[in-house]
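Visitor: Below is one structure. I have some questions about it.
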Amino acid sequence: MEKFTVHTGSAVPLRYSNVDTDQIIPAVYLKRVARTGFEDGLFAAWRANDPEFVLNKQEFAGGSVLIAGTDFGTGSSREHAVWALQDYGFKAVLAPRFGDIFRGNALKGGLLAVVLPYEAIERLWEAVEADPATQVTVDLQEREVRAAGVVEAFELDDYTRWRLMEGLDDIALTLRHTEDVDAFEKQRHAWLPVTQ
């Protein structure tokens, strides 16, 4: 997984609350077994049926920071929601509150899900809507979000922060102990099952 330290990019103001994972990516897009190729499914129903939907507006094309309302990513556990956001180009999602499972999936998959007070989200929305070229910096090293007129600290536990900064998912963490696993396997009795 890609390391995350500091990201600066334009933002997309998603002024919706209670966005569940089926809205992020409808179930019909969940048939693929690969972790990539989900960008077409991201908010597919809204993009297809609402010409005023924020992702249909040219001024927000290429945004890499999604600024969402309260309770983003609720509903069913759907890792595809995280993959769709990443495939579309988002590096971070900012919201006042997330669905617990979505946030866990995001942080394990390298998508930084930052909890900010609603007032900070509102100021970011206003700044980005006034000037879509506004750059938003999400600084994991300093645990801070910065944009024009907005500086807001955020909390993230040390372990998750370290994993994101090192670019380590669960598999990469396990592979760091390959020599220990091999040594353990060699000292086991020959009649016990072994990993191949």
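Residues are named by chain letter and number: chains run A, B, ... in the order of the structure tokens, numbers start at 1 in each chain, and ligands are numbered from 1 in the order shown.
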Near A:Ala172, within 12 Å and counting only C-alpha atoms, which residues show up once chain neighbours fewer than 5 positions away are dropped, as a PyMOL selection string?
Guide: chain A and resi 1-2+108-109+163-164+166-167+177-178
Visitor: Do a neighbour search on A:Val19 at 12 Å with only C-alpha atoms, toss out local chain neighbours closer than 5 positions, and write the hits as a ChimeraX atom specification.
Guide: /A:14,24-26,43,46,68-76,81,95,97-99,102
Visitor: Generate the output file for the selected residues, all heavy atoms, as a short mmCIF file (atom, residue, chain, number, x, y, z; two decimals), in the first residue's frame.
Guide:
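Result went into result-v6.cif, see below:
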```cif
data_model
loop_
_atom_site.label_atom_id
_atom_site.label_comp_id
_atom_site.auth_asym_id
_atom_site.auth_seq_id
_atom_site.Cartn_x
_atom_site.Cartn_y
_atom_site.Cartn_z
N LEU A 14 -18.92 17.26 -0.64
CA LEU A 14 -20.08 16.38 -0.71
C LEU A 14 -21.01 16.73 0.44
O LEU A 14 -20.87 16.23 1.55
CB LEU A 14 -19.64 14.91 -0.62
CG LEU A 14 -20.76 13.87 -0.73
CD1 LEU A 14 -21.36 13.86 -2.13
CD2 LEU A 14 -20.23 12.48 -0.37
N ILE A 24 -22.32 4.74 -1.82
CA ILE A 24 -20.93 4.95 -2.29
C ILE A 24 -20.66 4.04 -3.48
O ILE A 24 -20.12 4.48 -4.50
CB ILE A 24 -19.93 4.69 -1.15
CG1 ILE A 24 -20.15 5.70 -0.02
CG2 ILE A 24 -18.49 4.77 -1.67
CD1 ILE A 24 -19.36 5.41 1.24
N ILE A 25 -21.03 2.77 -3.37
CA ILE A 25 -20.90 1.85 -4.50
C ILE A 25 -22.03 0.82 -4.43
O ILE A 25 -22.07 -0.01 -3.52
CB ILE A 25 -19.51 1.17 -4.59
CG1 ILE A 25 -19.41 0.33 -5.87
CG2 ILE A 25 -19.19 0.38 -3.34
CD1 ILE A 25 -18.00 -0.05 -6.25
N PRO A 26 -22.98 0.89 -5.37
CA PRO A 26 -24.11 -0.04 -5.35
C PRO A 26 -23.66 -1.50 -5.47
O PRO A 26 -22.62 -1.81 -6.08
CB PRO A 26 -24.92 0.39 -6.58
CG PRO A 26 -24.53 1.81 -6.82
CD PRO A 26 -23.08 1.89 -6.43
N PHE A 43 -20.52 6.24 -6.41
CA PHE A 43 -21.73 7.07 -6.43
C PHE A 43 -22.47 6.93 -7.77
O PHE A 43 -22.98 7.91 -8.33
CB PHE A 43 -21.39 8.54 -6.17
CG PHE A 43 -20.75 8.79 -4.83
CD1 PHE A 43 -19.45 9.27 -4.73
CD2 PHE A 43 -21.45 8.57 -3.66
CE1 PHE A 43 -18.85 9.49 -3.51
CE2 PHE A 43 -20.86 8.80 -2.41
CZ PHE A 43 -19.55 9.26 -2.35
N TRP A 46 -26.11 8.35 -8.21
CA TRP A 46 -26.17 9.82 -8.15
C TRP A 46 -25.53 10.43 -9.39
O TRP A 46 -26.03 11.40 -9.93
CB TRP A 46 -25.48 10.33 -6.89
CG TRP A 46 -26.20 9.99 -5.62
CD1 TRP A 46 -27.47 9.50 -5.50
CD2 TRP A 46 -25.69 10.10 -4.30
NE1 TRP A 46 -27.76 9.31 -4.17
CE2 TRP A 46 -26.70 9.66 -3.41
CE3 TRP A 46 -24.48 10.52 -3.76
CZ2 TRP A 46 -26.54 9.66 -2.05
CZ3 TRP A 46 -24.31 10.52 -2.39
CH2 TRP A 46 -25.33 10.08 -1.54
N ALA A 68 -17.05 15.30 3.35
CA ALA A 68 -18.39 14.74 3.44
C ALA A 68 -19.08 15.18 4.72
O ALA A 68 -18.46 15.71 5.65
CB ALA A 68 -18.32 13.22 3.38
N GLY A 69 -20.38 14.92 4.77
CA GLY A 69 -21.17 15.24 5.95
C GLY A 69 -21.11 14.13 7.00
O GLY A 69 -20.36 13.15 6.87
N THR A 70 -21.92 14.31 8.01
CA THR A 70 -21.93 13.39 9.15
C THR A 70 -22.39 11.99 8.75
O THR A 70 -23.27 11.84 7.91
CB THR A 70 -22.85 13.95 10.25
OG1 THR A 70 -22.41 15.27 10.58
CG2 THR A 70 -22.83 13.08 11.49
N ASP A 71 -21.79 10.99 9.35
CA ASP A 71 -22.14 9.57 9.15
C ASP A 71 -21.86 9.12 7.71
O ASP A 71 -22.72 8.56 7.03
CB ASP A 71 -23.58 9.28 9.54
CG ASP A 71 -23.78 9.37 11.04
OD1 ASP A 71 -22.81 9.08 11.77
OD2 ASP A 71 -24.87 9.75 11.48
N PHE A 72 -20.66 9.32 7.29
CA PHE A 72 -20.23 8.85 5.97
C PHE A 72 -19.77 7.40 6.09
O PHE A 72 -18.99 7.06 6.98
CB PHE A 72 -19.07 9.72 5.44
CG PHE A 72 -18.66 9.36 4.04
CD1 PHE A 72 -19.36 9.86 2.95
CD2 PHE A 72 -17.59 8.51 3.81
CE1 PHE A 72 -18.99 9.52 1.66
CE2 PHE A 72 -17.21 8.17 2.53
CZ PHE A 72 -17.92 8.67 1.45
N GLY A 73 -20.25 6.56 5.19
CA GLY A 73 -19.80 5.16 5.15
C GLY A 73 -20.52 4.26 6.14
O GLY A 73 -19.96 3.25 6.57
N THR A 74 -21.76 4.57 6.46
CA THR A 74 -22.52 3.68 7.35
C THR A 74 -23.04 2.50 6.52
O THR A 74 -22.83 2.42 5.32
CB THR A 74 -23.71 4.45 7.97
OG1 THR A 74 -24.50 4.98 6.90
CG2 THR A 74 -23.22 5.57 8.87
N GLY A 75 -23.75 1.61 7.16
CA GLY A 75 -24.34 0.47 6.46
C GLY A 75 -23.42 -0.73 6.43
O GLY A 75 -22.58 -0.91 7.30
N SER A 76 -23.59 -1.53 5.39
CA SER A 76 -22.89 -2.81 5.34
C SER A 76 -21.39 -2.64 5.19
O SER A 76 -20.91 -1.65 4.64
CB SER A 76 -23.42 -3.64 4.17
OG SER A 76 -23.09 -3.03 2.94
N ALA A 81 -16.23 -0.02 -1.19
CA ALA A 81 -16.48 1.42 -1.07
C ALA A 81 -15.16 2.17 -0.95
O ALA A 81 -14.96 3.22 -1.57
CB ALA A 81 -17.38 1.69 0.14
N ALA A 95 -14.77 14.03 7.43
CA ALA A 95 -16.19 14.04 7.81
C ALA A 95 -16.29 14.20 9.33
O ALA A 95 -15.35 13.85 10.06
CB ALA A 95 -16.87 12.74 7.37
N ARG A 97 -18.20 12.43 11.25
CA ARG A 97 -18.35 11.09 11.83
C ARG A 97 -18.46 10.08 10.70
O ARG A 97 -19.05 10.37 9.66
CB ARG A 97 -19.59 11.04 12.73
CG ARG A 97 -19.70 9.80 13.57
CD ARG A 97 -20.81 9.86 14.61
NE ARG A 97 -22.10 10.16 14.03
CZ ARG A 97 -22.98 11.02 14.54
NH1 ARG A 97 -22.73 11.63 15.66
NH2 ARG A 97 -24.13 11.24 13.95
N PHE A 98 -17.87 8.89 10.92
CA PHE A 98 -17.89 7.81 9.93
C PHE A 98 -18.58 6.60 10.50
O PHE A 98 -18.63 6.41 11.73
CB PHE A 98 -16.45 7.39 9.58
CG PHE A 98 -15.67 8.42 8.82
CD1 PHE A 98 -14.89 9.34 9.47
CD2 PHE A 98 -15.70 8.44 7.43
CE1 PHE A 98 -14.15 10.28 8.78
CE2 PHE A 98 -14.96 9.38 6.71
CZ PHE A 98 -14.19 10.31 7.39
N GLY A 99 -19.05 5.74 9.61
CA GLY A 99 -19.44 4.40 10.03
C GLY A 99 -18.18 3.69 10.50
O GLY A 99 -17.13 3.78 9.86
N PHE A 102 -16.58 1.17 8.00
CA PHE A 102 -16.00 1.86 6.85
C PHE A 102 -14.68 2.51 7.23
O PHE A 102 -13.68 2.38 6.51
CB PHE A 102 -16.95 2.94 6.31
CG PHE A 102 -16.31 3.81 5.26
CD1 PHE A 102 -16.26 3.40 3.95
CD2 PHE A 102 -15.69 5.01 5.61
CE1 PHE A 102 -15.63 4.17 2.98
CE2 PHE A 102 -15.06 5.79 4.66
CZ PHE A 102 -15.03 5.37 3.35
#
```
Visitor: Could you give me the residues within stretch 46-148 of chain A that DSSP places in alpha helix (DSSP H), as a ChimeraX atom specification?
Guide: /A:46-49,79-88,100-109,118-130
Visitor: Kindly export the residues of the current selection with N, CA, C and O atoms, as a short mmCIF file (atom, residue, chain, number, x, y, z; two decimals), in the first residue's frame.
Guide:
```cif
data_model
loop_
_atom_site.label_atom_id
_atom_site.label_comp_id
_atom_site.auth_asym_id
_atom_site.auth_seq_id
_atom_site.Cartn_x
_atom_site.Cartn_y
_atom_site.Cartn_z
N TRP A 46 -26.11 8.35 -8.21
CA TRP A 46 -26.17 9.82 -8.15
C TRP A 46 -25.53 10.43 -9.39
O TRP A 46 -26.03 11.40 -9.93
N ARG A 47 -24.42 9.88 -9.82
CA ARG A 47 -23.74 10.43 -11.01
C ARG A 47 -24.61 10.25 -12.26
O ARG A 47 -24.62 11.11 -13.14
N ALA A 48 -25.35 9.13 -12.33
CA ALA A 48 -26.16 8.85 -13.52
C ALA A 48 -27.47 9.63 -13.54
O ALA A 48 -27.98 9.95 -14.61
N ASN A 49 -28.01 9.95 -12.37
CA ASN A 49 -29.36 10.52 -12.31
C ASN A 49 -29.45 11.99 -11.90
O ASN A 49 -30.53 12.56 -11.96
N GLU A 79 -15.68 -3.36 1.60
CA GLU A 79 -14.35 -2.83 1.29
C GLU A 79 -14.32 -2.15 -0.07
O GLU A 79 -13.52 -1.27 -0.32
N HIS A 80 -15.23 -2.58 -0.94
CA HIS A 80 -15.29 -2.00 -2.29
C HIS A 80 -15.55 -0.49 -2.24
O HIS A 80 -15.15 0.22 -3.16
N ALA A 81 -16.23 -0.02 -1.19
CA ALA A 81 -16.48 1.42 -1.07
C ALA A 81 -15.16 2.17 -0.95
O ALA A 81 -14.96 3.22 -1.57
N VAL A 82 -14.25 1.62 -0.16
CA VAL A 82 -12.93 2.23 -0.01
C VAL A 82 -12.17 2.14 -1.34
O VAL A 82 -11.58 3.12 -1.79
N TRP A 83 -12.21 0.98 -1.96
CA TRP A 83 -11.48 0.81 -3.22
C TRP A 83 -12.02 1.74 -4.30
O TRP A 83 -11.26 2.28 -5.10
N ALA A 84 -13.34 1.93 -4.35
CA ALA A 84 -13.93 2.83 -5.36
C ALA A 84 -13.46 4.27 -5.14
O ALA A 84 -13.13 4.97 -6.11
N LEU A 85 -13.44 4.70 -3.89
CA LEU A 85 -12.95 6.06 -3.60
C LEU A 85 -11.49 6.21 -4.02
O LEU A 85 -11.09 7.21 -4.62
N GLN A 86 -10.68 5.20 -3.71
CA GLN A 86 -9.26 5.26 -4.08
C GLN A 86 -9.09 5.20 -5.59
O GLN A 86 -8.28 5.93 -6.16
N ASP A 87 -9.83 4.33 -6.25
CA ASP A 87 -9.71 4.21 -7.71
C ASP A 87 -10.11 5.51 -8.40
O ASP A 87 -9.58 5.84 -9.46
N TYR A 88 -11.04 6.23 -7.80
CA TYR A 88 -11.47 7.50 -8.38
C TYR A 88 -10.40 8.58 -8.20
O TYR A 88 -10.38 9.57 -8.91
N ASP A 100 -18.27 3.00 11.64
CA ASP A 100 -17.07 2.39 12.24
C ASP A 100 -16.37 1.42 11.30
O ASP A 100 -15.15 1.42 11.17
N ILE A 101 -17.15 0.55 10.66
CA ILE A 101 -16.54 -0.46 9.80
C ILE A 101 -15.90 0.19 8.58
O ILE A 101 -14.79 -0.16 8.18
N PHE A 102 -16.58 1.17 8.00
CA PHE A 102 -16.00 1.86 6.85
C PHE A 102 -14.68 2.51 7.23
O PHE A 102 -13.68 2.38 6.51
N ARG A 103 -14.65 3.19 8.36
CA ARG A 103 -13.41 3.88 8.76
C ARG A 103 -12.29 2.87 9.00
O ARG A 103 -11.14 3.09 8.60
N GLY A 104 -12.63 1.73 9.62
CA GLY A 104 -11.62 0.69 9.81
C GLY A 104 -11.10 0.16 8.49
O GLY A 104 -9.88 0.01 8.30
N ASN A 105 -12.01 -0.10 7.56
CA ASN A 105 -11.59 -0.58 6.23
C ASN A 105 -10.73 0.47 5.53
O ASN A 105 -9.73 0.13 4.87
N ALA A 106 -11.12 1.73 5.63
CA ALA A 106 -10.36 2.80 4.97
C ALA A 106 -8.94 2.88 5.52
O ALA A 106 -7.96 2.89 4.76
N LEU A 107 -8.82 2.91 6.83
CA LEU A 107 -7.50 3.07 7.44
C LEU A 107 -6.61 1.86 7.19
O LEU A 107 -5.40 1.98 7.04
N LYS A 108 -7.20 0.67 7.13
CA LYS A 108 -6.41 -0.53 6.81
C LYS A 108 -6.01 -0.56 5.34
O LYS A 108 -5.01 -1.16 4.98
N GLY A 109 -6.81 0.09 4.49
CA GLY A 109 -6.53 0.07 3.05
C GLY A 109 -5.75 1.25 2.53
O GLY A 109 -5.48 1.34 1.34
N TYR A 118 -17.89 19.39 12.93
CA TYR A 118 -18.78 19.84 11.86
C TYR A 118 -18.47 21.27 11.43
O TYR A 118 -18.52 21.60 10.23
N GLU A 119 -18.11 22.12 12.39
CA GLU A 119 -17.84 23.53 12.08
C GLU A 119 -16.65 23.64 11.12
O GLU A 119 -16.63 24.49 10.23
N ALA A 120 -15.65 22.79 11.31
CA ALA A 120 -14.48 22.80 10.41
C ALA A 120 -14.87 22.31 9.02
O ALA A 120 -14.42 22.85 8.00
N ILE A 121 -15.72 21.28 8.98
CA ILE A 121 -16.20 20.78 7.68
C ILE A 121 -16.97 21.88 6.96
O ILE A 121 -16.78 22.11 5.76
N GLU A 122 -17.80 22.61 7.67
CA GLU A 122 -18.58 23.69 7.05
C GLU A 122 -17.65 24.76 6.49
O GLU A 122 -17.86 25.25 5.37
N ARG A 123 -16.60 25.12 7.23
CA ARG A 123 -15.66 26.15 6.73
C ARG A 123 -14.92 25.63 5.50
O ARG A 123 -14.68 26.38 4.56
N LEU A 124 -14.57 24.35 5.48
CA LEU A 124 -13.90 23.78 4.31
C LEU A 124 -14.85 23.77 3.11
O LEU A 124 -14.46 24.09 1.99
N TRP A 125 -16.10 23.37 3.34
CA TRP A 125 -17.10 23.40 2.24
C TRP A 125 -17.19 24.80 1.65
O TRP A 125 -17.17 24.98 0.44
N GLU A 126 -17.32 25.79 2.53
CA GLU A 126 -17.47 27.18 2.05
C GLU A 126 -16.25 27.62 1.25
O GLU A 126 -16.38 28.26 0.21
N ALA A 127 -15.04 27.29 1.73
CA ALA A 127 -13.82 27.68 1.03
C ALA A 127 -13.73 27.02 -0.34
O ALA A 127 -13.41 27.68 -1.34
N VAL A 128 -14.04 25.75 -0.39
CA VAL A 128 -13.91 25.00 -1.66
C VAL A 128 -15.01 25.41 -2.64
O VAL A 128 -14.77 25.51 -3.84
N GLU A 129 -16.21 25.65 -2.14
CA GLU A 129 -17.31 26.08 -3.03
C GLU A 129 -17.05 27.49 -3.56
O GLU A 129 -17.39 27.79 -4.71
N ALA A 130 -16.44 28.36 -2.75
CA ALA A 130 -16.13 29.72 -3.20
C ALA A 130 -15.03 29.70 -4.25
O ALA A 130 -15.04 30.51 -5.18
#
```
Visitor: Counting only C-alpha atoms, give me one row per residue of stretch 76-195 of chain A with an atom at most 8 Å from an atom of stretch 4-10 of chain A, showing the shortest contact pair and its distance in Å to one decimal, sorted by chain then residue number, as CSV.
Guide:
```
residue,atom,partner,partner_atom,distance
A:Lys91,CA,A:His7,CA,7.5
A:Gly110,CA,A:Phe4,CA,7.4
A:Pro132,CA,A:Ser10,CA,7.1
A:Ala133,CA,A:Ser10,CA,6.0
A:Thr134,CA,A:Ser10,CA,5.9
A:Gln135,CA,A:Ser10,CA,4.7
A:Val136,CA,A:Thr8,CA,5.5
A:Thr137,CA,A:Thr8,CA,4.1
A:Val138,CA,A:His7,CA,5.3
A:Asp139,CA,A:Val6,CA,4.4
A:Leu140,CA,A:Thr5,CA,5.2
A:Gln141,CA,A:Thr5,CA,5.8
A:Leu164,CA,A:Phe4,CA,5.5
A:Met165,CA,A:Phe4,CA,4.9
A:Glu166,CA,A:Phe4,CA,7.5
A:Gly167,CA,A:Phe4,CA,6.7
```
Visitor: Mind checking which residues fall within 12 Å of A:Val28, counting only C-alpha atoms, ignoring those fewer than 5 positions away in the same chain, and posting them as a VMD selection string?
Guide: chain A and resid 22 to 23 38 40 to 42 44 to 45 80
Visitor: Mind listing the strand (DSSP E or B) residues of stretch 34-193 of chain A, per DSSP on the backbone, as a VMD selection string?
Guide: chain A and resid 65 to 68 72 to 74 92 to 95 98 112 to 115 135 to 139 144 to 147 150 to 153
